[in-house]
Protein chains: 2
Amino acid sequence: MARNKHPEETVHLILTVAFRLFMEKGYEHTSIQDIIDHLGRLSKGAIYHHFKSKEDILVAVIDRMTAESNQMLVKIRDCSGLSGKEKLKRIFKESINRPVQNDIFTVAPDFHNNPKLLCSLLYDTMEEAAPNYILPIIEQGIADGSIKTDYPEQMAELILLVANVWMNPMIFSSSAEESYRKFMVFGQMMQGFGLDIVDGEMLERLQELASIYQKSKQ
Amino acid sequence: MARNKHPEETVHLILTVAFRLFMEKGYEHTSIQDIIDHLGRLSKGAIYHHFKSKEDILVAVIDRMTAESNQMLVKIRDCSGLSGKEKLKRIFKESINRPVQNDIFTVAPDFHNNPKLLCSLLYDTMEEAAPNYILPIIEQGIADGSIKTDYPEQMAELILLVANVWMNPMIFSSSAEESYRKFMVFGQMMQGFGLDIVDGEMLERLQELASIYQKSKQ
């Protein structure tokens with residue numbers, strides 16, 4: 001096989017195929033050979049050029065899964081001109097504006113068969129994302145007076161557990177209506193933290209989500 | 001080997017040994033033979049008399065792990081003379097009165113190495129325990145006027161996700177102080193749901209937990 005001139009495309013292809021197979025067959029039941037069989041022209045050597053092992057591919061698949069969400073979090077965490085509370089509100093807003101269904105979800109992923117993927121995602125969220133992205137925002141909010149809490153670490157963990165795990169339709173499959181209902185309960189939870197972050201515009205978007213669901217039922 | 005006259009003791013022994021090995025080595029890296037090697041006098045036949053496979057043992061281990069918590073939930077769900085809100089309060093109370101550390105935790109379990117166990121526990125909580133134990137309590141509360149929500153299913157899920165997963169020191173290891181902080185944040189979340197369930201007695205217990213931690217640090 002000719003050397004691929006665009007290694008990033010090769011990596012992208014490997015991860016896309018691997019993700020689909022992990023979802024369909026489960027990580028444990030997918031072999032490197034399965035991935036190769038679905039890669040068309042690509043040789044075993046080409047895979048091993050980029051990834052040392054199947055575990056290595058898994059880590060990259062998870063990184064790609066969380067990358068979009070993490071980029072959004074970093075952007076909001078580091079932007080200037082917003083209070084801590086406004087940043088949390090922005091995170092909530094961006095979350096409900098993401099499309100409820102996208103290509104990834106049409107794979108009908110089933111984390112029930114992917115304990116390894118789920119476990120990595122869960123601990124990543126709680127041990128990496130919460131302290132690195134949400135905690136600094138809450139600490140800023142405490143400093144600027146917009147957030148009041150004696151338990152910033154725990155609040156960061158809980159907010160992200162709810163937003164990234166519970167409200168993640170890849171982990172707990174949700175119809176548009178269920179997503180809407182989860183957002184409403186999330187909003188109530190935030191209110192319990194003294195964070196009134198649901199505004200009229202968000203409610204409108206939430207109602208739009210609910211009506212999409214109603215139509216799809218007809 | 002002589003037939004065991006007390007099969008329930010045999011099962012108990014198998015599950016205790018299996019649980020310890022799953023925790024120490026990880027489910028994937030524990031073989032039936034490993035379990036036998038740690039069972040002393042027990043033969044392979046004795047194991048297969050009770051369990052068809054390693055997967056079967058895993059299911060029983062998880063059932064035993066969740067049994068204590070589920071028994072408590074059933075008892076509260078089915079008791080008479082309490083409103084829905086009072087039942088949720090009772091659950092919160094029983095949770096903080098459970099010892100923070102017990103024998104199981106001294107194994108220093110690491111769910112990082114037990115994705116399969118963690119995954120089962122998570123989906124059990126969300127798909128079995130929440131609809132079967134918490135949802136009926138919330139529905140009772142809506143009927144008796146003590147709980148106000150338009151989203152009983154989602155509230156049930158979120159309460160149990162927080163109580164059984166996030167506050168479970170087997171999943172996310174927590175010092176006594178961290179447990180105390182998590183309980184406080186849980187209480188604030190409940191307040192967001194209009195459920196003012198933390199009373200003076202509970203606060204006292206929470207402060208006791210915090211002081212246990214302070215002493216252990218000295």
# chains A, B, ... in the order shown; residues from 1 in each chain; ligands from 1
>>> interface_residues(of="chain B", to="chain A", cutoff="7 Å", atoms="only C-alpha atoms", output="list in words")
His112, Pro115, Lys116, Cys119, Tyr151, Gln154, Met155, Arg181, Lys182, Val185, Gln188, Met189, Met190, Gln191, Gly192 and Phe193 of chain B
>>> write_last_selection(atoms="N, CA and C atoms", output="compact mmCIF listing (two decimals), in the first residue's frame")
# COMPACT_ATOMS: atom_id res chain seq x y z
N HIS B 112 -12.14 1.53 38.86
CA HIS B 112 -11.41 1.87 37.64
C HIS B 112 -11.04 0.58 36.90
N PRO B 115 -14.67 -2.13 35.05
CA PRO B 115 -15.70 -1.48 34.23
C PRO B 115 -17.00 -2.27 34.17
N LYS B 116 -16.87 -3.59 34.14
CA LYS B 116 -18.07 -4.40 34.00
C LYS B 116 -18.98 -4.29 35.23
N CYS B 119 -20.45 -0.71 35.34
CA CYS B 119 -21.48 -0.55 34.32
C CYS B 119 -22.79 -1.20 34.78
N TYR B 151 -41.90 16.22 36.48
CA TYR B 151 -40.95 15.28 35.90
C TYR B 151 -40.56 14.18 36.90
N GLN B 154 -37.65 11.69 35.87
CA GLN B 154 -36.31 12.28 35.82
C GLN B 154 -35.81 12.61 37.21
N MET B 155 -36.72 13.07 38.07
CA MET B 155 -36.32 13.38 39.43
C MET B 155 -35.88 12.11 40.16
N ARG B 181 -19.33 16.76 52.57
CA ARG B 181 -19.53 17.81 51.57
C ARG B 181 -20.51 17.37 50.48
N LYS B 182 -20.40 16.10 50.10
CA LYS B 182 -21.32 15.59 49.09
C LYS B 182 -22.76 15.60 49.62
N VAL B 185 -24.19 19.09 49.46
CA VAL B 185 -24.55 19.48 48.10
C VAL B 185 -25.80 18.71 47.64
N GLN B 188 -28.68 20.50 49.04
CA GLN B 188 -28.99 21.72 48.26
C GLN B 188 -29.73 21.38 46.98
N MET B 189 -29.31 20.28 46.36
CA MET B 189 -30.00 19.83 45.14
C MET B 189 -31.47 19.53 45.45
N MET B 190 -31.69 18.83 46.56
CA MET B 190 -33.06 18.49 46.94
C MET B 190 -33.88 19.75 47.20
N GLN B 191 -33.24 20.75 47.77
CA GLN B 191 -33.91 22.02 48.00
C GLN B 191 -34.35 22.64 46.67
N GLY B 192 -33.52 22.47 45.65
CA GLY B 192 -33.89 22.94 44.31
C GLY B 192 -35.15 22.25 43.81
N PHE B 193 -35.39 21.05 44.30
CA PHE B 193 -36.61 20.32 43.93
C PHE B 193 -37.77 20.64 44.88
>>> residues_around(residues="Phe22 of chain A", least_positions_apart="5", cutoff="12 Å", atoms="only C-alpha atoms", output="JSON, numbers by chain")
{"A": [14, 15, 16, 17, 27, 28, 29, 30, 31, 32, 34, 35, 54, 55, 57, 58, 61, 62, 107, 108, 109, 110, 111, 112, 113, 114, 115, 116, 117, 118]}
>>> calpha_fit_and_write(fixed="chain A", moving="chain B", output="short mmCIF file (atom, residue, chain, number, x, y, z; two decimals) with C-alpha atoms, in the first residue's frame")
data_model
loop_
_atom_site.label_atom_id
_atom_site.label_comp_id
_atom_site.auth_asym_id
_atom_site.auth_seq_id
_atom_site.Cartn_x
_atom_site.Cartn_y
_atom_site.Cartn_z
CA MET B 1 0.07 -0.10 0.06
CA ALA B 2 1.28 3.37 -0.72
CA ARG B 3 2.07 5.57 2.27
CA ASN B 4 -0.81 7.81 3.10
CA LYS B 5 0.10 11.43 2.56
CA HIS B 6 -2.48 12.56 5.10
CA PRO B 7 -1.84 10.74 8.37
CA GLU B 8 -4.56 12.74 10.18
CA GLU B 9 -7.10 11.38 7.71
CA THR B 10 -5.87 7.86 8.34
CA VAL B 11 -6.21 8.35 12.08
CA HIS B 12 -9.67 9.83 11.60
CA LEU B 13 -10.71 6.83 9.50
CA ILE B 14 -9.32 4.30 11.99
CA LEU B 15 -11.11 5.98 14.90
CA THR B 16 -14.40 6.25 13.02
CA VAL B 17 -14.33 2.59 12.08
CA ALA B 18 -13.15 1.52 15.55
CA PHE B 19 -15.84 3.57 17.26
CA ARG B 20 -18.56 2.04 15.09
CA LEU B 21 -17.30 -1.47 15.77
CA PHE B 22 -16.94 -0.88 19.52
CA MET B 23 -20.51 0.32 19.57
CA GLU B 24 -21.88 -2.50 17.44
CA LYS B 25 -19.91 -5.44 18.81
CA GLY B 26 -18.60 -4.12 22.10
CA TYR B 27 -14.99 -3.21 22.82
CA GLU B 28 -14.16 -6.63 24.27
CA HIS B 29 -15.43 -8.44 21.18
CA THR B 30 -13.71 -6.23 18.63
CA SER B 31 -10.25 -7.32 17.50
CA ILE B 32 -7.62 -5.27 15.70
CA GLN B 33 -8.28 -7.62 12.78
CA ASP B 34 -11.98 -6.63 12.78
CA ILE B 35 -10.94 -3.00 12.49
CA ILE B 36 -8.56 -3.78 9.63
CA ASP B 37 -11.25 -5.79 7.82
CA HIS B 38 -13.46 -2.69 7.82
CA LEU B 39 -10.72 -0.28 6.76
CA GLY B 40 -10.60 -1.34 3.13
CA ARG B 41 -7.19 -0.53 1.73
CA LEU B 42 -5.42 -0.01 5.03
CA SER B 43 -2.87 -2.56 6.25
CA LYS B 44 -2.19 -3.83 9.76
CA GLY B 45 1.13 -1.97 9.61
CA ALA B 46 -0.68 1.31 8.96
CA ILE B 47 -2.74 0.86 12.11
CA TYR B 48 0.27 -0.05 14.23
CA HIS B 49 2.07 2.95 12.81
CA HIS B 50 -0.47 5.13 14.65
CA PHE B 51 -1.60 2.98 17.57
CA LYS B 52 0.36 0.57 19.74
CA SER B 53 -2.65 -1.49 20.80
CA LYS B 54 -6.42 -1.80 20.85
CA GLU B 55 -6.37 -0.09 24.25
CA ASP B 56 -4.53 2.80 22.59
CA ILE B 57 -7.29 3.09 19.99
CA LEU B 58 -9.88 3.08 22.77
CA VAL B 59 -8.17 5.99 24.51
CA ALA B 60 -8.13 7.97 21.26
CA VAL B 61 -11.79 7.14 20.57
CA ILE B 62 -12.75 8.46 24.01
CA ASP B 63 -10.58 11.55 23.58
CA ARG B 64 -12.37 12.30 20.34
CA MET B 65 -15.76 11.72 21.98
CA THR B 66 -15.03 14.15 24.77
CA ALA B 67 -13.03 16.62 22.68
CA GLU B 68 -16.02 18.57 21.39
CA SER B 69 -17.50 18.96 24.84
CA ASN B 70 -14.11 19.82 26.38
CA GLN B 71 -13.37 22.44 23.72
CA MET B 72 -16.64 24.14 24.51
CA LEU B 73 -15.83 24.03 28.23
CA VAL B 74 -12.32 25.44 27.76
CA LYS B 75 -13.62 28.25 25.58
CA ILE B 76 -16.16 29.29 28.18
CA ARG B 77 -13.81 28.80 31.13
CA ASP B 78 -11.15 31.03 29.60
CA CYS B 79 -13.29 33.77 28.09
CA SER B 80 -13.14 37.17 29.72
CA GLY B 81 -15.97 39.54 30.58
CA LEU B 82 -18.27 36.95 32.13
CA SER B 83 -18.85 36.23 35.80
CA GLY B 84 -18.56 32.67 37.08
CA LYS B 85 -22.33 32.35 37.21
CA GLU B 86 -22.69 33.67 33.66
CA LYS B 87 -20.18 31.07 32.50
CA LEU B 88 -22.21 28.25 34.04
CA LYS B 89 -25.26 29.68 32.35
CA ARG B 90 -23.39 29.76 29.05
CA ILE B 91 -22.48 26.09 29.45
CA PHE B 92 -26.10 25.19 30.07
CA LYS B 93 -27.13 27.23 27.04
CA GLU B 94 -24.57 25.68 24.70
CA SER B 95 -25.63 22.24 25.89
CA ILE B 96 -29.29 22.71 24.99
CA ASN B 97 -28.36 24.29 21.68
CA ARG B 98 -26.37 21.26 20.60
CA PRO B 99 -28.45 19.10 18.29
CA VAL B 100 -30.23 16.43 20.27
CA GLN B 101 -29.62 13.89 17.58
CA ASN B 102 -26.53 13.78 15.46
CA ASP B 103 -24.64 11.28 13.38
CA ILE B 104 -23.06 9.63 16.35
CA PHE B 105 -26.41 8.84 17.90
CA THR B 106 -27.75 7.22 14.74
CA VAL B 107 -25.26 4.41 15.34
CA ALA B 108 -27.62 3.53 18.20
CA PRO B 109 -24.70 3.15 20.56
CA ASP B 110 -25.19 0.84 23.47
CA PHE B 111 -22.95 1.47 26.43
CA HIS B 112 -24.51 -1.54 28.14
CA ASN B 113 -22.15 -3.60 25.98
CA ASN B 114 -19.26 -1.20 26.43
CA PRO B 115 -18.41 -1.13 30.10
CA LYS B 116 -14.83 -0.17 29.37
CA LEU B 117 -15.83 2.85 27.29
CA LEU B 118 -18.45 3.93 29.82
CA CYS B 119 -16.06 3.54 32.73
CA SER B 120 -13.37 5.66 31.05
CA LEU B 121 -15.90 8.33 30.19
CA LEU B 122 -17.27 8.42 33.74
CA TYR B 123 -13.89 8.71 35.47
CA ASP B 124 -12.65 11.17 32.84
CA THR B 125 -15.64 13.37 33.58
CA MET B 126 -15.27 13.24 37.35
CA GLU B 127 -11.49 13.26 37.72
CA GLU B 128 -10.36 15.34 34.74
CA ALA B 129 -13.14 17.48 33.34
CA ALA B 130 -14.81 18.53 36.62
CA PRO B 131 -11.64 19.78 38.37
CA ASN B 132 -10.11 21.23 35.19
CA TYR B 133 -13.08 22.96 33.55
CA ILE B 134 -15.93 23.47 36.00
CA LEU B 135 -14.08 23.99 39.28
CA PRO B 136 -12.12 27.04 38.02
CA ILE B 137 -15.39 28.62 36.86
CA ILE B 138 -17.00 28.06 40.26
CA GLU B 139 -13.90 29.43 42.01
CA GLN B 140 -14.06 32.49 39.80
CA GLY B 141 -17.73 32.85 40.72
CA ILE B 142 -16.94 32.65 44.43
CA ALA B 143 -14.25 35.33 43.98
CA ASP B 144 -16.49 37.67 41.94
CA GLY B 145 -19.47 37.06 44.25
CA SER B 146 -21.75 35.55 41.60
CA ILE B 147 -21.67 32.04 43.10
CA LYS B 148 -22.04 31.15 46.76
CA THR B 149 -20.93 27.74 47.92
CA ASP B 150 -18.71 26.17 50.56
CA TYR B 151 -18.26 23.07 48.41
CA PRO B 152 -16.87 24.10 45.02
CA GLU B 153 -15.25 20.72 44.22
CA GLN B 154 -18.43 18.78 44.94
CA MET B 155 -20.61 21.23 43.06
CA ALA B 156 -18.30 20.97 40.04
CA GLU B 157 -18.49 17.19 40.13
CA LEU B 158 -22.24 17.05 40.47
CA ILE B 159 -22.93 19.58 37.72
CA LEU B 160 -20.75 17.68 35.27
CA LEU B 161 -22.01 14.25 36.33
CA VAL B 162 -25.50 15.43 35.51
CA ALA B 163 -24.64 17.36 32.33
CA ASN B 164 -22.10 14.98 30.77
CA VAL B 165 -23.25 11.59 31.99
CA TRP B 166 -26.93 11.66 32.92
CA MET B 167 -27.96 14.02 30.10
CA ASN B 168 -25.69 12.26 27.58
CA PRO B 169 -28.04 10.39 25.22
CA MET B 170 -25.17 8.11 24.27
CA ILE B 171 -25.09 6.76 27.82
CA PHE B 172 -28.77 6.93 28.71
CA SER B 173 -30.75 6.99 25.50
CA SER B 174 -33.32 9.76 25.65
CA SER B 175 -36.08 10.87 23.34
CA ALA B 176 -36.33 14.62 22.69
CA GLU B 177 -39.07 14.79 25.32
CA GLU B 178 -36.97 12.99 27.89
CA SER B 179 -34.05 15.30 27.09
CA TYR B 180 -36.33 18.28 27.66
CA ARG B 181 -37.46 16.86 30.99
CA LYS B 182 -33.90 16.19 32.06
CA PHE B 183 -32.92 19.79 31.22
CA MET B 184 -35.80 21.09 33.33
CA VAL B 185 -34.75 18.97 36.30
CA PHE B 186 -31.13 20.07 35.78
CA GLY B 187 -32.35 23.67 35.89
CA GLN B 188 -34.14 22.98 39.19
CA MET B 189 -31.01 21.42 40.61
CA MET B 190 -29.03 24.51 39.66
CA GLN B 191 -31.65 26.64 41.37
CA GLY B 192 -30.98 24.61 44.52
CA PHE B 193 -27.39 25.83 44.20
CA GLY B 194 -28.63 29.40 44.07
CA LEU B 195 -27.98 29.47 40.33
CA ASP B 196 -30.97 30.76 38.49
CA ILE B 197 -29.69 30.05 35.00
CA VAL B 198 -32.74 29.21 32.92
CA ASP B 199 -33.94 32.27 31.01
CA GLY B 200 -36.75 32.89 28.54
CA GLU B 201 -34.63 32.11 25.50
CA MET B 202 -33.61 28.77 26.94
CA LEU B 203 -37.17 27.90 27.86
CA GLU B 204 -38.16 28.64 24.27
CA ARG B 205 -35.47 26.29 23.01
CA LEU B 206 -36.57 23.65 25.50
CA GLN B 207 -40.16 23.96 24.33
CA GLU B 208 -38.95 23.66 20.75
CA LEU B 209 -37.25 20.39 21.68
CA ALA B 210 -40.43 19.14 23.29
CA SER B 211 -42.49 20.04 20.22
CA ILE B 212 -40.02 18.25 17.92
CA TYR B 213 -40.71 15.19 20.02
CA GLN B 214 -44.47 15.65 19.89
CA LYS B 215 -44.36 15.88 16.10
CA SER B 216 -42.17 12.79 15.80
CA LYS B 217 -44.81 10.86 17.75
CA GLN B 218 -47.61 11.67 15.30
#
>>> select_by_dssp(residues="segment 28-174 of chain B", states="helix (DSSP H, G or I)", output="MDAnalysis selection string")
chainID B and resid 32:37 44:50 54:78 84:97 103:106 111:113 115:144 152:166
>>> decode(residues="segment 196-207 of chain B", atoms="C-alpha atoms", output="short mmCIF file (atom, residue, chain, number, x, y, z; two decimals), in the first residue's frame")
data_model
loop_
_atom_site.label_atom_id
_atom_site.label_comp_id
_atom_site.auth_asym_id
_atom_site.auth_seq_id
_atom_site.Cartn_x
_atom_site.Cartn_y
_atom_site.Cartn_z
CA ASP B 196 -36.34 20.74 52.27
CA ILE B 197 -35.20 17.49 53.82
CA VAL B 198 -32.16 18.34 55.91
CA ASP B 199 -33.14 18.82 59.56
CA GLY B 200 -31.19 19.61 62.72
CA GLU B 201 -30.61 15.97 63.60
CA MET B 202 -29.15 15.27 60.18
CA LEU B 203 -26.92 18.33 60.34
CA GLU B 204 -25.63 17.08 63.69
CA ARG B 205 -24.81 13.72 62.15
CA LEU B 206 -23.14 15.43 59.21
CA GLN B 207 -21.03 17.51 61.56
#
